[in-house]
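Coordinates as given in structure34.txt (compact mmCIF, N, CA and C atoms):
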```
# COMPACT_ATOMS: atom_id res chain seq x y z
N MET C 1 80.34 102.75 99.23
CA MET C 1 81.43 102.40 100.11
C MET C 1 82.47 103.52 100.09
N LEU C 2 83.08 103.77 101.20
CA LEU C 2 84.05 104.84 101.36
C LEU C 2 85.46 104.34 101.10
N LEU C 3 86.23 105.11 100.35
CA LEU C 3 87.63 104.77 100.11
C LEU C 3 88.36 104.69 101.44
N GLY C 4 89.02 103.57 101.70
CA GLY C 4 89.71 103.35 102.96
C GLY C 4 88.96 102.44 103.92
N ASP C 5 87.67 102.26 103.67
CA ASP C 5 86.85 101.37 104.50
C ASP C 5 86.95 99.96 103.94
N ILE C 6 88.07 99.32 104.19
CA ILE C 6 88.34 98.04 103.54
C ILE C 6 87.56 96.87 104.12
N ASN C 7 86.91 97.06 105.26
CA ASN C 7 86.12 95.96 105.82
C ASN C 7 84.61 96.22 105.73
N SER C 8 84.22 97.26 105.03
CA SER C 8 82.80 97.57 104.76
C SER C 8 81.96 97.77 106.01
N ASP C 9 82.52 98.41 107.03
CA ASP C 9 81.72 98.69 108.22
C ASP C 9 81.25 100.14 108.28
N ASN C 10 81.42 100.85 107.17
CA ASN C 10 81.00 102.25 107.04
C ASN C 10 81.76 103.20 107.95
N ALA C 11 83.00 102.84 108.27
CA ALA C 11 83.88 103.70 109.08
C ALA C 11 85.32 103.43 108.68
N ILE C 12 86.16 104.43 108.84
CA ILE C 12 87.58 104.25 108.60
C ILE C 12 88.26 104.29 109.95
N SER C 13 88.97 103.19 110.29
CA SER C 13 89.57 103.08 111.61
C SER C 13 90.83 102.23 111.55
N ILE C 14 91.44 102.03 112.70
CA ILE C 14 92.64 101.21 112.81
C ILE C 14 92.35 99.77 112.38
N VAL C 15 91.13 99.34 112.47
CA VAL C 15 90.74 98.00 112.03
C VAL C 15 91.00 97.87 110.52
N ASP C 16 90.75 98.93 109.78
CA ASP C 16 91.03 98.92 108.35
C ASP C 16 92.52 98.86 108.08
N VAL C 17 93.30 99.55 108.89
CA VAL C 17 94.77 99.51 108.74
C VAL C 17 95.28 98.09 108.97
N VAL C 18 94.81 97.45 110.02
CA VAL C 18 95.23 96.08 110.32
C VAL C 18 94.85 95.14 109.17
N GLY C 19 93.65 95.28 108.66
CA GLY C 19 93.22 94.44 107.54
C GLY C 19 94.04 94.67 106.30
N LEU C 20 94.40 95.92 106.04
CA LEU C 20 95.22 96.24 104.88
C LEU C 20 96.62 95.64 105.01
N VAL C 21 97.20 95.73 106.18
CA VAL C 21 98.52 95.14 106.42
C VAL C 21 98.44 93.62 106.26
N ARG C 22 97.41 93.01 106.82
CA ARG C 22 97.25 91.57 106.69
C ARG C 22 97.13 91.15 105.24
N TYR C 23 96.40 91.92 104.45
CA TYR C 23 96.25 91.63 103.02
C TYR C 23 97.60 91.70 102.32
N ILE C 24 98.36 92.74 102.59
CA ILE C 24 99.68 92.91 101.96
C ILE C 24 100.61 91.77 102.34
N LEU C 25 100.49 91.28 103.57
CA LEU C 25 101.32 90.16 104.03
C LEU C 25 100.83 88.81 103.54
N GLY C 26 99.72 88.81 102.80
CA GLY C 26 99.21 87.57 102.22
C GLY C 26 98.28 86.78 103.11
N GLU C 27 97.85 87.38 104.21
CA GLU C 27 96.92 86.70 105.10
C GLU C 27 95.49 86.94 104.64
N GLN C 28 94.63 85.98 104.93
CA GLN C 28 93.23 86.13 104.57
C GLN C 28 92.56 87.08 105.55
N TYR C 29 91.71 87.93 105.01
CA TYR C 29 90.99 88.89 105.85
C TYR C 29 89.55 88.94 105.37
N ASP C 30 88.62 88.62 106.25
CA ASP C 30 87.20 88.58 105.89
C ASP C 30 86.70 89.97 105.53
N ASN C 31 85.80 90.02 104.57
CA ASN C 31 85.14 91.26 104.13
C ASN C 31 86.09 92.27 103.52
N PHE C 32 87.25 91.85 103.03
CA PHE C 32 88.22 92.77 102.45
C PHE C 32 87.69 93.29 101.11
N VAL C 33 87.68 94.61 100.94
CA VAL C 33 87.20 95.25 99.72
C VAL C 33 88.41 95.86 99.00
N VAL C 34 88.83 95.20 97.93
CA VAL C 34 90.03 95.60 97.21
C VAL C 34 89.91 97.02 96.68
N THR C 35 88.75 97.37 96.12
CA THR C 35 88.59 98.70 95.53
C THR C 35 88.71 99.81 96.57
N ALA C 36 88.42 99.54 97.81
CA ALA C 36 88.55 100.54 98.87
C ALA C 36 89.95 100.60 99.44
N ALA C 37 90.78 99.62 99.11
CA ALA C 37 92.11 99.52 99.69
C ALA C 37 93.19 100.28 98.92
N ASP C 38 92.94 100.58 97.67
CA ASP C 38 93.92 101.30 96.86
C ASP C 38 93.77 102.80 97.11
N ILE C 39 94.26 103.23 98.26
CA ILE C 39 94.05 104.59 98.74
C ILE C 39 94.64 105.64 97.80
N ASN C 40 95.81 105.38 97.27
CA ASN C 40 96.45 106.38 96.41
C ASN C 40 96.08 106.23 94.94
N GLY C 41 95.27 105.23 94.61
CA GLY C 41 94.74 105.09 93.27
C GLY C 41 95.74 104.72 92.19
N ASP C 42 96.84 104.07 92.58
CA ASP C 42 97.86 103.72 91.59
C ASP C 42 97.65 102.33 90.99
N GLY C 43 96.59 101.64 91.38
CA GLY C 43 96.31 100.32 90.85
C GLY C 43 96.99 99.19 91.59
N ASN C 44 97.77 99.51 92.62
CA ASN C 44 98.46 98.50 93.43
C ASN C 44 98.13 98.73 94.90
N ILE C 45 98.11 97.65 95.65
CA ILE C 45 97.90 97.76 97.09
C ILE C 45 99.24 97.50 97.76
N THR C 46 99.80 98.56 98.34
CA THR C 46 101.15 98.50 98.90
C THR C 46 101.21 99.23 100.24
N ILE C 47 102.42 99.26 100.80
CA ILE C 47 102.64 99.97 102.05
C ILE C 47 102.30 101.46 101.92
N ALA C 48 102.40 102.01 100.72
CA ALA C 48 102.02 103.41 100.49
C ALA C 48 100.55 103.63 100.83
N ASP C 49 99.71 102.65 100.54
CA ASP C 49 98.30 102.75 100.88
C ASP C 49 98.09 102.69 102.38
N VAL C 50 98.89 101.89 103.07
CA VAL C 50 98.82 101.82 104.53
C VAL C 50 99.18 103.19 105.13
N ILE C 51 100.25 103.78 104.64
CA ILE C 51 100.68 105.08 105.14
C ILE C 51 99.60 106.13 104.88
N ASN C 52 99.04 106.13 103.68
CA ASN C 52 97.97 107.09 103.37
C ASN C 52 96.76 106.88 104.26
N LEU C 53 96.41 105.62 104.51
CA LEU C 53 95.25 105.33 105.36
C LEU C 53 95.49 105.80 106.78
N ILE C 54 96.66 105.57 107.30
CA ILE C 54 96.99 106.06 108.65
C ILE C 54 96.90 107.58 108.70
N ASN C 55 97.41 108.24 107.68
CA ASN C 55 97.35 109.70 107.65
C ASN C 55 95.93 110.21 107.52
N ILE C 56 95.08 109.49 106.81
CA ILE C 56 93.66 109.86 106.75
C ILE C 56 93.06 109.80 108.15
N ILE C 57 93.35 108.72 108.87
CA ILE C 57 92.82 108.55 110.23
C ILE C 57 93.32 109.66 111.15
N LEU C 58 94.58 110.05 110.98
CA LEU C 58 95.16 111.09 111.81
C LEU C 58 94.83 112.50 111.31
N ASN C 59 94.05 112.58 110.24
CA ASN C 59 93.66 113.87 109.65
C ASN C 59 94.84 114.71 109.21
N ASP C 60 95.82 114.07 108.63
CA ASP C 60 96.98 114.77 108.10
C ASP C 60 96.60 115.34 106.73
N ASP C 61 96.55 116.65 106.62
CA ASP C 61 96.12 117.30 105.39
C ASP C 61 97.10 117.18 104.23
N SER C 62 98.29 116.64 104.47
CA SER C 62 99.23 116.50 103.37
C SER C 62 98.89 115.31 102.47
N TYR C 63 97.93 114.51 102.88
CA TYR C 63 97.48 113.38 102.08
C TYR C 63 96.02 113.59 101.70
N ALA C 64 95.65 113.06 100.55
CA ALA C 64 94.28 113.21 100.07
C ALA C 64 93.32 112.50 101.02
N LYS C 65 92.27 113.17 101.34
CA LYS C 65 91.22 112.57 102.15
C LYS C 65 90.33 111.73 101.23
N PRO C 66 89.72 110.68 101.75
CA PRO C 66 88.86 109.86 100.90
C PRO C 66 87.65 110.64 100.44
N GLU C 67 87.48 110.73 99.15
CA GLU C 67 86.36 111.46 98.57
C GLU C 67 85.50 110.53 97.72
N ILE C 68 86.02 109.38 97.36
CA ILE C 68 85.35 108.47 96.43
C ILE C 68 84.38 107.59 97.18
N VAL C 69 83.18 107.52 96.68
CA VAL C 69 82.15 106.66 97.26
C VAL C 69 81.61 105.78 96.15
N TRP C 70 81.55 104.48 96.39
CA TRP C 70 80.99 103.54 95.42
C TRP C 70 79.65 103.07 95.91
N ASP C 71 78.74 102.91 95.00
CA ASP C 71 77.46 102.28 95.32
C ASP C 71 77.56 100.81 95.02
N GLU C 72 77.07 100.01 95.91
CA GLU C 72 77.10 98.55 95.67
C GLU C 72 75.78 98.09 95.14
```

Represent the structure from my file as structure tokens, please.
Amino acid sequence: MLLGDINSDNAISIVDVVGLVRYILGEQYDNFVVTAADINGDGNITIADVINLINIILNDDSYAKPEIVWDE
């Protein structure tokens, strides 16, 4: 699984951003993968992860690109 792909569809997109925001707001989100949601690796899922995910999508080089892949 790719870091940032919080819905396990093998792509990073705005759908992942929406799911991450919904999770932070306490709403239920199907197929949410917690390990893929901690974009900055600080052990917490916060608005900082949302910002990093948006920057990944926009290819902003000032933020780390997802490099971590997990095997399920």

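Closest approach to Ile14 (chain C) from the set C:Asn59, C:Ile39, C:Ile54, C:Val33 is made by C:Ile54, with distances taken over all atoms listed in the file.
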
Worksheet, complete the sentence: What separates atom C of Ile6 (chain C) and atom C of Leu58 (chain C) is a distance of 18.7 Å

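Taking atom C of Asn44 (chain C) and atom N of Leu3 (chain C) as the two end points, the separation is 14.6 Å.
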
Worksheet item: CA of Ile47 (chain C) and atom C of Glu27 (chain C) are how many Å apart?
Response: 15.1 Å

Practice prompt. Check the smallest atom-to-atom distance from each of C:Ile24, C:Tyr29, C:Val17, C:Ala36 to Met1 (chain C) using all atoms listed in the file, then report the winner.
Written response: C:Ala36

Item to complete: Using DSSP on the backbone coordinates, identify the residues of chain C assigned to helix (DSSP H, G or I); present them as a PyMOL selection string.
Response: chain C and resi 14-24+34-37+47-57
